[in-house]
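Below: one structure, written as structure tokens.
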Amino acid sequence: MKKFAIATLLTAFLIVVGASSVSAQYGWGDTINDAMEIYSPGGGDSSASFPIEGTDDYDFFLINNIYGSEDLRGAVALYSPSGLNYDMQFITVDSNGQIISVTNGYDTGAGSTDANGIYVPSGQSLYVKVYSHGAYDYSPDQFYRLAFTKFN
Ligand SMILES: [Ca+2]
């Protein structure tokens, strides 16, 4: 429950400040600037669950280690809904927001779990982009789950 509480709390905050509701994923987390922070220094494991509503609907998440005193090691797993295939892309940025690297996550196909190890040095952040794999991979009614696990 604790994991979901984090996502719920952040969602509530977004609603309070006037962002779109959970039921309308278009217009939420669509760009890197709107990313939902799922980790910051001092935090632990967390997860979030949302739908992908179209092939042009992207959800961005932020694993923030800009102010972290130690390098962060962990894993990010994306659980695609049954019969659908969603993918991840990893974008590393430095403390100025400058993009350092962009890599595609490991893809295991429809309904499967894409699990990737991550390494985020102190002073950097990692954005995780979740998006539709193919032309028919989306549904407003089926939720994926993204889980971050901290190793150190
Ligand atoms: Ca996938």
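By order in the structure tokens, chains are A, B, ...; within a chain, residues start at 1; ligands start at 1, following the order shown.
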For this session: Identify, on the basis of only C-alpha atoms, every residue whose closest approach to Ile91 in chain A does not exceed 8 Å; exclude the query and any residue fewer than 2 positions from it along the same chain; express the result as number ranges by chain.
Result: A: 89, 93, 99-103, 126-129
Could you pull out the residues sitting within 10 Å of ligand 1, using only C-alpha atoms and all ligand atoms, and write them as a PDB file with N, CA and C atoms, in the first residue's frame?
ATOM      1  N   LEU A  78       8.559  -2.289 -15.991  1.00  0.00           N
ATOM      2  CA  LEU A  78       7.288  -1.853 -16.576  1.00  0.00           C
ATOM      3  C   LEU A  78       6.434  -3.084 -16.851  1.00  0.00           C
ATOM      4  N   TYR A  79       5.275  -3.141 -16.180  1.00  0.00           N
ATOM      5  CA  TYR A  79       4.340  -4.255 -16.354  1.00  0.00           C
ATOM      6  C   TYR A  79       3.264  -3.809 -17.336  1.00  0.00           C
ATOM      7  N   SER A  80       3.340  -4.314 -18.565  1.00  0.00           N
ATOM      8  CA  SER A  80       2.337  -3.959 -19.574  1.00  0.00           C
ATOM      9  C   SER A  80       1.021  -4.670 -19.272  1.00  0.00           C
ATOM     10  N   PRO A  81      -0.116  -4.022 -19.599  1.00  0.00           N
ATOM     11  CA  PRO A  81      -1.408  -4.696 -19.405  1.00  0.00           C
ATOM     12  C   PRO A  81      -1.502  -5.923 -20.308  1.00  0.00           C
ATOM     13  N   LEU A  84      -1.275  -6.024 -24.326  1.00  0.00           N
ATOM     14  CA  LEU A  84      -0.722  -4.764 -24.833  1.00  0.00           C
ATOM     15  C   LEU A  84       0.774  -4.707 -24.561  1.00  0.00           C
ATOM     16  N   ASN A  85       1.475  -3.972 -25.416  1.00  0.00           N
ATOM     17  CA  ASN A  85       2.919  -3.847 -25.239  1.00  0.00           C
ATOM     18  C   ASN A  85       3.314  -2.383 -25.106  1.00  0.00           C
ATOM     19  N   TYR A  86       3.798  -2.041 -23.930  1.00  0.00           N
ATOM     20  CA  TYR A  86       4.323  -0.705 -23.690  1.00  0.00           C
ATOM     21  C   TYR A  86       5.826  -0.807 -23.486  1.00  0.00           C
ATOM     22  N   ASP A  87       6.526   0.264 -23.828  1.00  0.00           N
ATOM     23  CA  ASP A  87       7.975   0.268 -23.726  1.00  0.00           C
ATOM     24  C   ASP A  87       8.462   1.450 -22.900  1.00  0.00           C
ATOM     25  N   MET A  88       9.745   1.370 -22.540  1.00  0.00           N
ATOM     26  CA  MET A  88      10.382   2.458 -21.802  1.00  0.00           C
ATOM     27  C   MET A  88      11.574   2.997 -22.586  1.00  0.00           C
ATOM     28  N   GLY A 105      14.645   0.898 -23.431  1.00  0.00           N
ATOM     29  CA  GLY A 105      14.579  -0.184 -22.463  1.00  0.00           C
ATOM     30  C   GLY A 105      14.456  -1.531 -23.139  1.00  0.00           C
ATOM     31  N   TYR A 106      14.729  -2.559 -22.360  1.00  0.00           N
ATOM     32  CA  TYR A 106      14.599  -3.931 -22.812  1.00  0.00           C
ATOM     33  C   TYR A 106      13.119  -4.245 -23.016  1.00  0.00           C
ATOM     34  N   ASP A 107      12.755  -4.803 -24.171  1.00  0.00           N
ATOM     35  CA  ASP A 107      11.352  -5.083 -24.494  1.00  0.00           C
ATOM     36  C   ASP A 107      11.092  -6.584 -24.528  1.00  0.00           C
ATOM     37  N   THR A 108      10.095  -7.025 -23.767  1.00  0.00           N
ATOM     38  CA  THR A 108       9.779  -8.454 -23.712  1.00  0.00           C
ATOM     39  C   THR A 108       8.426  -8.790 -24.323  1.00  0.00           C
ATOM     40  N   GLY A 109       7.747  -7.800 -24.930  1.00  0.00           N
ATOM     41  CA  GLY A 109       6.522  -8.108 -25.660  1.00  0.00           C
ATOM     42  C   GLY A 109       5.242  -7.855 -24.889  1.00  0.00           C
ATOM     43  N   ALA A 110       4.117  -8.116 -25.566  1.00  0.00           N
ATOM     44  CA  ALA A 110       2.788  -7.811 -25.030  1.00  0.00           C
ATOM     45  C   ALA A 110       2.517  -8.549 -23.731  1.00  0.00           C
ATOM     46  N   GLY A 111       1.961  -7.837 -22.771  1.00  0.00           N
ATOM     47  CA  GLY A 111       1.559  -8.434 -21.506  1.00  0.00           C
ATOM     48  C   GLY A 111       2.708  -8.828 -20.604  1.00  0.00           C
ATOM     49  N   SER A 112       3.929  -8.530 -21.031  1.00  0.00           N
ATOM     50  CA  SER A 112       5.098  -8.958 -20.273  1.00  0.00           C
ATOM     51  C   SER A 112       5.736  -7.802 -19.515  1.00  0.00           C
ATOM     52  N   THR A 113       6.739  -8.161 -18.745  1.00  0.00           N
ATOM     53  CA  THR A 113       7.424  -7.184 -17.902  1.00  0.00           C
ATOM     54  C   THR A 113       8.768  -6.811 -18.501  1.00  0.00           C
ATOM     55  N   ASP A 114       8.957  -5.526 -18.735  1.00  0.00           N
ATOM     56  CA  ASP A 114      10.251  -5.020 -19.198  1.00  0.00           C
ATOM     57  C   ASP A 114      11.019  -4.556 -17.967  1.00  0.00           C
ATOM     58  N   ALA A 115      12.083  -5.265 -17.619  1.00  0.00           N
ATOM     59  CA  ALA A 115      12.869  -4.909 -16.433  1.00  0.00           C
ATOM     60  C   ALA A 115      14.261  -4.460 -16.847  1.00  0.00           C
ATOM     61  N   VAL A 130       7.349   6.271 -20.752  1.00  0.00           N
ATOM     62  CA  VAL A 130       6.530   5.088 -21.018  1.00  0.00           C
ATOM     63  C   VAL A 130       5.633   5.404 -22.210  1.00  0.00           C
ATOM     64  N   TYR A 131       5.597   4.490 -23.172  1.00  0.00           N
ATOM     65  CA  TYR A 131       4.843   4.770 -24.382  1.00  0.00           C
ATOM     66  C   TYR A 131       4.410   3.483 -25.077  1.00  0.00           C
ATOM     67  N   SER A 132       3.502   3.643 -26.015  1.00  0.00           N
ATOM     68  CA  SER A 132       2.941   2.540 -26.776  1.00  0.00           C
ATOM     69  C   SER A 132       3.984   1.937 -27.721  1.00  0.00           C
ATOM     70  N   HIS A 133       4.017   0.613 -27.780  1.00  0.00           N
ATOM     71  CA  HIS A 133       4.986  -0.051 -28.652  1.00  0.00           C
ATOM     72  C   HIS A 133       4.527  -0.045 -30.113  1.00  0.00           C
ATOM     73  N   GLY A 134       3.256  -0.374 -30.329  1.00  0.00           N
ATOM     74  CA  GLY A 134       2.746  -0.492 -31.696  1.00  0.00           C
ATOM     75  C   GLY A 134       1.479   0.308 -31.911  1.00  0.00           C
ATOM     76  N   ASP A 137      -1.335  -0.622 -29.502  1.00  0.00           N
ATOM     77  CA  ASP A 137      -0.989  -0.829 -28.094  1.00  0.00           C
ATOM     78  C   ASP A 137      -1.367   0.389 -27.253  1.00  0.00           C
TER      79      ASP A 137
END
For this session: Per DSSP on the backbone, filter chain A down to the residues in strand (DSSP E) and report them as a count of residues only.
Result: 69
For this session: Fewer than 5 positions away in the same chain doesn't count, so skip those; otherwise give me all residues within 8 Å of range 41-45 of chain A, counting only C-alpha atoms, as a PyMOL selection string.
Result: chain A and resi 3+64-65+67-69+147-150
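Closest approach to Ile52 in chain A among A:Asp30, A:Asp94, A:Glu37, A:Asp71: A:Asp30, based on only C-alpha atoms.
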Exercise. Nearest to Asn116 in chain A among A:Leu146, A:Asp57, A:Asn33, A:Pro51, with distances taken over only C-alpha atoms: which residue is it?
Worked result: A:Leu146
Problem set entry | From A:Asn96, A:Ser139, A:Ser46, A:Ser82, residue lying nearest Gly123 in chain A [only C-alpha atoms] | A:Asn96
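Using only C-alpha atoms, the shortest contact distance between Ala77 in chain A and any of A:Glu53, A:Asn152, A:Gly117, A:Gln98 is found at A:Gly117.
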Problem set entry | All helix (DSSP H, G or I) residues (DSSP, backbone) inside chain A, as a PyMOL selection string | chain A and resi 2-16+32-34
For this session: For CA of Val120 in chain A and CA of Leu72 in chain A, quote the distance in Å rounded to one decimal.
Result: 5.0 Å
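Nearest to Ile32 in chain A of all the residues A:Tyr138, A:Phe60, A:Phe50, A:Tyr144 is A:Phe60, counting only C-alpha atoms.
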